[in-house]
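Colleague: Please find work39.pdb (PDB, C-alpha atoms and all ligand atoms) on the next line:
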```pdb
ATOM      1  CA  MET A   7      92.333  66.250 162.008  1.00  0.00           C
ATOM      2  CA  GLY A   8      95.584  64.485 162.849  1.00  0.00           C
ATOM      3  CA  GLY A   9      96.517  62.360 165.786  1.00  0.00           C
ATOM      4  CA  LYS A  10      96.375  59.149 163.799  1.00  0.00           C
ATOM      5  CA  SER A  11      99.290  56.979 164.797  1.00  0.00           C
ATOM      6  CA  GLU A  12      98.761  54.072 162.404  1.00  0.00           C
ATOM      7  CA  LYS A  13     100.922  54.165 159.326  1.00  0.00           C
ATOM      8  CA  VAL A  14      99.023  54.242 156.081  1.00  0.00           C
ATOM      9  CA  ALA A  15     100.746  52.269 153.359  1.00  0.00           C
ATOM     10  CA  LYS A  16     101.752  54.484 150.479  1.00  0.00           C
ATOM     11  CA  TYR A  17     102.404  53.492 146.914  1.00  0.00           C
ATOM     12  CA  ASN A  18     105.824  55.163 146.777  1.00  0.00           C
ATOM     13  CA  GLU A  19     107.238  53.823 150.070  1.00  0.00           C
ATOM     14  CA  ASP A  20     108.947  50.530 150.972  1.00  0.00           C
ATOM     15  CA  LEU A  21     109.796  49.882 147.351  1.00  0.00           C
ATOM     16  CA  ARG A  22     111.457  46.509 146.776  1.00  0.00           C
ATOM     17  CA  ALA A  23     112.275  46.839 143.109  1.00  0.00           C
ATOM     18  CA  GLU A  24     113.505  49.508 140.740  1.00  0.00           C
ATOM     19  CA  VAL A  25     111.125  52.171 139.514  1.00  0.00           C
ATOM     20  CA  GLU A  26     111.163  52.074 135.751  1.00  0.00           C
ATOM     21  CA  THR A  27     111.601  55.628 134.501  1.00  0.00           C
ATOM     22  CA  THR A  28     111.450  56.645 130.864  1.00  0.00           C
ATOM     23  CA  THR A  29     110.963  59.906 129.043  1.00  0.00           C
ATOM     24  CA  GLN A  30     109.230  60.393 125.739  1.00  0.00           C
ATOM     25  CA  GLN A  31     107.896  63.107 123.501  1.00  0.00           C
ATOM     26  CA  ALA A  32     104.409  61.597 123.344  1.00  0.00           C
ATOM     27  CA  PRO A  33     102.407  60.097 126.182  1.00  0.00           C
ATOM     28  CA  ARG A  34     103.138  56.452 126.871  1.00  0.00           C
ATOM     29  CA  ALA A  35      99.824  56.080 128.684  1.00  0.00           C
ATOM     30  CA  THR A  36      97.053  55.567 126.167  1.00  0.00           C
ATOM     31  CA  VAL A  37      94.864  58.081 127.981  1.00  0.00           C
ATOM     32  CA  HIS A  38      95.094  61.484 126.256  1.00  0.00           C
ATOM     33  CA  ALA A  39      97.248  60.051 123.439  1.00  0.00           C
ATOM     34  CA  SER A  40      94.802  61.064 120.714  1.00  0.00           C
ATOM     35  CA  GLU A  41      94.321  64.572 122.196  1.00  0.00           C
ATOM     36  CA  TRP A  42      98.080  64.937 122.347  1.00  0.00           C
ATOM     37  CA  ARG A  43      98.355  64.213 118.614  1.00  0.00           C
ATOM     38  CA  LYS A  44      95.638  66.760 117.883  1.00  0.00           C
ATOM     39  CA  ILE A  45      97.430  69.449 119.881  1.00  0.00           C
ATOM     40  CA  MET A  46     100.694  68.635 118.089  1.00  0.00           C
ATOM     41  CA  ASN A  47      98.857  69.052 114.788  1.00  0.00           C
ATOM     42  CA  GLY A  48      97.140  72.255 115.897  1.00  0.00           C
ATOM     43  CA  ASP A  49      93.742  70.585 115.704  1.00  0.00           C
ATOM     44  CA  PRO A  50      90.936  71.418 118.143  1.00  0.00           C
ATOM     45  CA  VAL A  51      90.381  69.163 121.125  1.00  0.00           C
ATOM     46  CA  GLU A  52      87.400  68.607 123.383  1.00  0.00           C
ATOM     47  CA  ILE A  53      86.925  71.284 126.037  1.00  0.00           C
ATOM     48  CA  ASN A  54      86.772  69.915 129.586  1.00  0.00           C
ATOM     49  CA  PRO A  55      83.016  69.558 130.309  1.00  0.00           C
ATOM     50  CA  SER A  56      83.494  71.277 133.680  1.00  0.00           C
ATOM     51  CA  ILE A  57      84.649  74.449 131.888  1.00  0.00           C
ATOM     52  CA  GLY A  58      82.565  74.541 128.760  1.00  0.00           C
ATOM     53  CA  GLU A  59      81.595  72.565 125.732  1.00  0.00           C
ATOM     54  CA  GLY A  60      82.674  71.975 122.196  1.00  0.00           C
ATOM     55  CA  GLN A  61      86.157  71.913 120.731  1.00  0.00           C
ATOM     56  CA  LYS A  62      89.021  74.342 120.816  1.00  0.00           C
ATOM     57  CA  ILE A  63      92.611  74.655 119.621  1.00  0.00           C
ATOM     58  CA  MET A  64      94.686  74.704 122.802  1.00  0.00           C
ATOM     59  CA  THR A  65      98.247  75.203 123.917  1.00  0.00           C
ATOM     60  CA  PHE A  66      99.908  72.595 126.123  1.00  0.00           C
ATOM     61  CA  GLU A  67      99.466  74.866 129.145  1.00  0.00           C
ATOM     62  CA  GLU A  68      95.777  75.314 128.488  1.00  0.00           C
ATOM     63  CA  TRP A  69      95.203  71.654 127.806  1.00  0.00           C
ATOM     64  CA  SER A  70      96.944  70.517 130.988  1.00  0.00           C
ATOM     65  CA  ARG A  71      95.337  73.120 133.232  1.00  0.00           C
ATOM     66  CA  GLY A  72      93.126  70.575 135.007  1.00  0.00           C
ATOM     67  CA  TRP A  73      96.014  68.281 135.876  1.00  0.00           C
ATOM     68  CA  LYS A  74      97.874  68.474 139.156  1.00  0.00           C
ATOM     69  CA  ARG A  75     101.501  68.012 140.010  1.00  0.00           C
ATOM     70  CA  ASN A  76     102.383  64.773 141.761  1.00  0.00           C
ATOM     71  CA  ASP A  77     104.412  66.030 144.710  1.00  0.00           C
ATOM     72  CA  ASP A  78     105.828  62.539 145.267  1.00  0.00           C
ATOM     73  CA  PHE A  79     107.521  62.813 141.879  1.00  0.00           C
ATOM     74  CA  PRO A  80     107.594  66.514 141.011  1.00  0.00           C
ATOM     75  CA  ASP A  81     110.650  66.493 138.765  1.00  0.00           C
ATOM     76  CA  CYS A  82     110.947  65.956 135.056  1.00  0.00           C
ATOM     77  CA  ALA A  83     113.361  63.082 134.351  1.00  0.00           C
ATOM     78  CA  ARG A  84     114.685  64.907 131.286  1.00  0.00           C
ATOM     79  CA  CYS A  85     115.340  68.500 132.396  1.00  0.00           C
ATOM     80  CA  GLY A  86     114.864  68.255 136.173  1.00  0.00           C
ATOM     81  CA  GLY A  87     112.233  70.993 136.097  1.00  0.00           C
ATOM     82  CA  THR A  88     109.372  70.843 138.557  1.00  0.00           C
ATOM     83  CA  ARG A  89     106.681  72.581 136.518  1.00  0.00           C
ATOM     84  CA  THR A  90     105.115  69.209 135.885  1.00  0.00           C
ATOM     85  CA  LYS A  91     101.588  67.870 135.797  1.00  0.00           C
ATOM     86  CA  GLU A  92     100.441  64.319 136.188  1.00  0.00           C
ATOM     87  CA  HIS A  93      97.961  63.123 133.599  1.00  0.00           C
ATOM     88  CA  HIS A  94      97.970  59.408 134.333  1.00  0.00           C
ATOM     89  CA  PHE A  95      98.131  57.569 137.631  1.00  0.00           C
ATOM     90  CA  VAL A  96      97.021  54.041 138.457  1.00  0.00           C
ATOM     91  CA  GLN A  97      97.749  51.991 141.536  1.00  0.00           C
ATOM     92  CA  VAL A  98      96.661  48.434 142.265  1.00  0.00           C
ATOM     93  CA  TRP A  99      97.000  46.851 145.686  1.00  0.00           C
ATOM     94  CA  CYS A 100      96.520  43.171 146.296  1.00  0.00           C
ATOM     95  CA  ARG A 101      97.248  41.440 149.612  1.00  0.00           C
ATOM     96  CA  GLY A 102      99.605  44.221 150.633  1.00  0.00           C
ATOM     97  CA  LYS A 103     101.536  44.062 147.368  1.00  0.00           C
ATOM     98  CA  LYS A 104     101.477  46.964 144.999  1.00  0.00           C
ATOM     99  CA  LYS A 105     101.829  47.963 141.397  1.00  0.00           C
ATOM    100  CA  TRP A 106     101.557  51.476 140.061  1.00  0.00           C
ATOM    101  CA  GLU A 107     102.294  53.699 137.127  1.00  0.00           C
ATOM    102  CA  SER A 108     102.484  57.437 136.746  1.00  0.00           C
ATOM    103  CA  GLU A 109     103.085  59.740 133.849  1.00  0.00           C
ATOM    104  CA  THR A 110     103.786  63.418 134.169  1.00  0.00           C
ATOM    105  CA  PHE A 111     104.083  66.147 131.593  1.00  0.00           C
ATOM    106  CA  CYS A 112     106.755  68.855 131.861  1.00  0.00           C
ATOM    107  CA  LEU A 113     105.716  72.387 130.969  1.00  0.00           C
ATOM    108  CA  GLU A 114     109.374  73.415 130.579  1.00  0.00           C
ATOM    109  CA  CYS A 115     110.546  70.933 127.973  1.00  0.00           C
ATOM    110  CA  HIS A 116     107.223  69.339 126.911  1.00  0.00           C
ATOM    111  CA  THR A 117     108.469  65.874 127.762  1.00  0.00           C
ATOM    112  CA  PHE A 118     106.517  63.070 129.364  1.00  0.00           C
ATOM    113  CA  THR A 119     108.123  61.222 132.276  1.00  0.00           C
ATOM    114  CA  TRP A 120     106.809  57.730 132.863  1.00  0.00           C
ATOM    115  CA  ARG A 121     107.401  55.910 136.138  1.00  0.00           C
ATOM    116  CA  SER A 122     106.182  52.431 136.902  1.00  0.00           C
ATOM    117  CA  TYR A 123     106.710  50.019 139.727  1.00  0.00           C
ATOM    118  CA  CYS A 124     105.702  46.473 140.591  1.00  0.00           C
ATOM    119  CA  ASP A 125     106.457  44.470 143.740  1.00  0.00           C
ATOM    120  CA  PRO A 126     108.465  41.348 142.762  1.00  0.00           C
ATOM    121  CA  ASP A 127     105.751  39.008 144.067  1.00  0.00           C
ATOM    122  CA  PHE A 128     102.763  41.087 143.033  1.00  0.00           C
ATOM    123  CA  GLN A 129      99.676  39.226 141.859  1.00  0.00           C
ATOM    124  CA  THR A 130      96.673  40.908 140.339  1.00  0.00           C
ATOM    125  CA  PRO A 131      93.440  40.491 142.330  1.00  0.00           C
ATOM    126  CA  GLU A 132      92.292  38.160 139.540  1.00  0.00           C
ATOM    127  CA  ASP A 133      95.421  35.997 139.814  1.00  0.00           C
ATOM    128  CA  ALA A 134      95.144  35.850 143.606  1.00  0.00           C
ATOM    129  CA  GLU A 135      91.500  34.809 143.355  1.00  0.00           C
ATOM    130  CA  LYS A 136      92.342  32.177 140.744  1.00  0.00           C
ATOM    131  CA  ALA A 137      95.128  30.763 142.947  1.00  0.00           C
ATOM    132  CA  ARG A 138      92.670  30.602 145.858  1.00  0.00           C
ATOM    133  CA  TRP A 139      90.149  28.647 143.772  1.00  0.00           C
ATOM    134  CA  GLU A 140      92.802  26.293 142.436  1.00  0.00           C
ATOM    135  CA  ALA A 141      93.834  25.556 146.037  1.00  0.00           C
ATOM    136  CA  LEU A 142      90.175  24.878 146.854  1.00  0.00           C
ATOM    137  CA  VAL A 143      89.881  22.493 143.925  1.00  0.00           C
ATOM    138  CA  ARG A 144      92.994  20.672 145.081  1.00  0.00           C
ATOM    139  CA  GLY A 145      91.296  20.348 148.479  1.00  0.00           C
ATOM    140  CA  GLU A 146      93.942  22.185 150.454  1.00  0.00           C
ATOM    141  CA  PRO A 147      92.314  22.518 153.894  1.00  0.00           C
ATOM    142  CA  GLY A 148      93.905  25.827 154.931  1.00  0.00           C
ATOM    143  CA  GLU A 149      92.593  27.673 151.912  1.00  0.00           C
ATOM    144  CA  ALA A 150      89.198  25.957 151.995  1.00  0.00           C
ATOM    145  CA  ALA A 151      88.419  27.480 155.371  1.00  0.00           C
ATOM    146  CA  ALA A 152      88.719  30.986 153.958  1.00  0.00           C
TER     147      ALA A 152
HETATM  148 ZN    ZN B   1     111.332  68.866 131.502  1.00  0.00          ZN
END
```
Reformat the file's structure so that it appears as structure tokens.
Modeller:
Amino acid sequence: MGGKSEKVAKYNEDLRAEVETTTQQAPRATVHASEWRKIMNGDPVEINPSIGEGQKIMTFEEWSRGWKRNDDFPDCARCGGTRTKEHHFVQVWCRGKKKWESETFCLECHTFTWRSYCDPDFQTPEDAEKARWEALVRGEPGEAAA
């Protein structure tokens, strides 16, 4: 492995806008939000199918065991601790422009840190496709050749 000289674009490099960072006591990402409430209430949650089956009352540590730390953003924005796990990560690239969001959970202070970023001129793939078709309809020759 190695020896590749070309630079691979990364979601957390060449940022041209502020990363929005917030902390909260419950997940901002909708994924896992209902499990989180169950754990807070001491109710059983679904066991990860790769480990077993059925439901179980779990601690935060046990519940988050399958999640990994995001070494690009290892620190908790509330306490600065680095015993964090990422439970939500999405990145969308379109024509070299990017948009991403990440949420990590801190095992020290049980706080969620949300980070999100969007290039100022980012378009979703759907928007870019729509703009291309609208240009076609208008008969713009440059776009029509595509
Ligand atoms: Zn923390």
Colleague: For the point (105.9, 67.4, 137.1) in the file's frame, write as a PyMOL selection string all residues with an atom no more than 7 Å away, counting all atoms listed in the file.
Modeller: chain A and resi 75-76+79-82+88-92+110-112
Colleague: Give me, please, the distance in Å between CA of Lys105 in chain A and CA of Tyr123 in chain A, quoted to one decimal.
Modeller: 5.6 Å
Colleague: Neighbours of Cys124 in chain A within 8 Å (all atoms listed in the file; same-chain residues fewer than 2 positions away dropped), as a list in words?
Modeller: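 Residues near the query, excluding close chain neighbours: Ala23, Val25, Lys104, Lys105, Trp106, Ser122, Pro126 and Phe128 of chain A.
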Colleague: Give as a JSON list (two decimals) with C-alpha atoms, in the frame of the given file the residues that the PyMOL selection byres (((not hetatm)) within 7 of (chain B and resi 1)) matches when applied to the coordinates above.
Modeller:
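Dumped everything to result39.json:
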```
[["chain", "number", "residue", "atom", "x", "y", "z"],
["A", 82, "CYS", "CA", 110.95, 65.96, 135.06],
["A", 83, "ALA", "CA", 113.36, 63.08, 134.35],
["A", 84, "ARG", "CA", 114.68, 64.91, 131.29],
["A", 85, "CYS", "CA", 115.34, 68.50, 132.40],
["A", 86, "GLY", "CA", 114.86, 68.26, 136.17],
["A", 87, "GLY", "CA", 112.23, 70.99, 136.10],
["A", 112, "CYS", "CA", 106.76, 68.86, 131.86],
["A", 113, "LEU", "CA", 105.72, 72.39, 130.97],
["A", 114, "GLU", "CA", 109.37, 73.42, 130.58],
["A", 115, "CYS", "CA", 110.55, 70.93, 127.97],
["A", 116, "HIS", "CA", 107.22, 69.34, 126.91],
["A", 117, "THR", "CA", 108.47, 65.87, 127.76]]
```
Colleague: I need the output of the PyMOL selection byres (((chain A and resi 38) around 12) and not hetatm) for this file as a list of chain:residue names; which residues are they?
Modeller: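 Against this file, the PyMOL selection byres (((chain A and resi 38) around 12) and not hetatm) returns the residues A:Ala32, A:Pro33, A:Arg34, A:Ala35, A:Thr36, A:Val37, A:Ala39, A:Ser40, A:Glu41, A:Trp42, A:Arg43, A:Lys44, A:Ile45, A:Val51, A:Glu52, A:Trp69, A:Ser70, A:Trp73, A:Glu92, A:His93, A:His94, A:Glu109, A:Thr110, A:Phe111, A:Phe118.
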Colleague: Can you complete the atoms of range 28-49 of chain A to N, CA and C atoms and list them as an mmCIF file, keeping the file's coordinate frame?
Modeller:
```cif
data_model
loop_
_atom_site.group_PDB
_atom_site.id
_atom_site.type_symbol
_atom_site.label_atom_id
_atom_site.label_comp_id
_atom_site.auth_asym_id
_atom_site.auth_seq_id
_atom_site.Cartn_x
_atom_site.Cartn_y
_atom_site.Cartn_z
ATOM 1 N N THR A 28 111.117 56.336 132.250
ATOM 2 C CA THR A 28 111.450 56.645 130.864
ATOM 3 C C THR A 28 110.911 58.027 130.521
ATOM 4 N N THR A 29 111.501 58.638 129.523
ATOM 5 C CA THR A 29 110.963 59.906 129.043
ATOM 6 C C THR A 29 110.652 59.760 127.564
ATOM 7 N N GLN A 30 109.623 60.458 127.144
ATOM 8 C CA GLN A 30 109.230 60.393 125.739
ATOM 9 C C GLN A 30 108.513 61.676 125.336
ATOM 10 N N GLN A 31 108.494 61.885 124.033
ATOM 11 C CA GLN A 31 107.896 63.107 123.501
ATOM 12 C C GLN A 31 106.383 63.007 123.325
ATOM 13 N N ALA A 32 105.856 61.802 123.425
ATOM 14 C CA ALA A 32 104.409 61.597 123.344
ATOM 15 C C ALA A 32 104.015 60.743 124.536
ATOM 16 N N PRO A 33 102.782 60.865 124.998
ATOM 17 C CA PRO A 33 102.407 60.097 126.182
ATOM 18 C C PRO A 33 102.507 58.599 125.955
ATOM 19 N N ARG A 34 103.063 57.903 126.941
ATOM 20 C CA ARG A 34 103.138 56.452 126.871
ATOM 21 C C ARG A 34 101.813 55.842 127.332
ATOM 22 N N ALA A 35 101.157 56.510 128.273
ATOM 23 C CA ALA A 35 99.824 56.080 128.684
ATOM 24 C C ALA A 35 98.867 56.337 127.524
ATOM 25 N N THR A 36 97.950 55.396 127.314
ATOM 26 C CA THR A 36 97.053 55.567 126.167
ATOM 27 C C THR A 36 96.056 56.702 126.393
ATOM 28 N N VAL A 37 95.769 56.980 127.685
ATOM 29 C CA VAL A 37 94.864 58.081 127.981
ATOM 30 C C VAL A 37 95.478 59.382 127.445
ATOM 31 N N HIS A 38 94.681 60.188 126.802
ATOM 32 C CA HIS A 38 95.094 61.484 126.256
ATOM 33 C C HIS A 38 95.984 61.390 125.010
ATOM 34 N N ALA A 39 96.324 60.165 124.572
ATOM 35 C CA ALA A 39 97.248 60.051 123.439
ATOM 36 C C ALA A 39 96.671 60.678 122.172
ATOM 37 N N SER A 40 95.371 60.504 121.946
ATOM 38 C CA SER A 40 94.802 61.064 120.714
ATOM 39 C C SER A 40 94.688 62.586 120.810
ATOM 40 N N GLU A 41 94.355 63.115 122.019
ATOM 41 C CA GLU A 41 94.321 64.572 122.196
ATOM 42 C C GLU A 41 95.709 65.169 121.990
ATOM 43 N N TRP A 42 96.707 64.454 122.490
ATOM 44 C CA TRP A 42 98.080 64.937 122.347
ATOM 45 C C TRP A 42 98.425 65.118 120.863
ATOM 46 N N ARG A 43 98.071 64.128 120.054
ATOM 47 C CA ARG A 43 98.355 64.213 118.614
ATOM 48 C C ARG A 43 97.636 65.401 117.995
ATOM 49 N N LYS A 44 96.399 65.632 118.428
ATOM 50 C CA LYS A 44 95.638 66.760 117.883
ATOM 51 C C LYS A 44 96.316 68.089 118.226
ATOM 52 N N ILE A 45 96.772 68.211 119.473
ATOM 53 C CA ILE A 45 97.430 69.449 119.881
ATOM 54 C C ILE A 45 98.721 69.659 119.092
ATOM 55 N N MET A 46 99.467 68.567 118.882
ATOM 56 C CA MET A 46 100.694 68.635 118.089
ATOM 57 C C MET A 46 100.397 69.102 116.673
ATOM 58 N N ASN A 47 99.239 68.680 116.152
ATOM 59 C CA ASN A 47 98.857 69.052 114.788
ATOM 60 C C ASN A 47 98.154 70.402 114.715
ATOM 61 N N GLY A 48 97.888 71.011 115.885
ATOM 62 C CA GLY A 48 97.140 72.255 115.897
ATOM 63 C C GLY A 48 95.659 72.071 115.637
ATOM 64 N N ASP A 49 95.174 70.863 115.883
ATOM 65 C CA ASP A 49 93.742 70.585 115.704
ATOM 66 C C ASP A 49 92.996 70.838 117.013
#
```
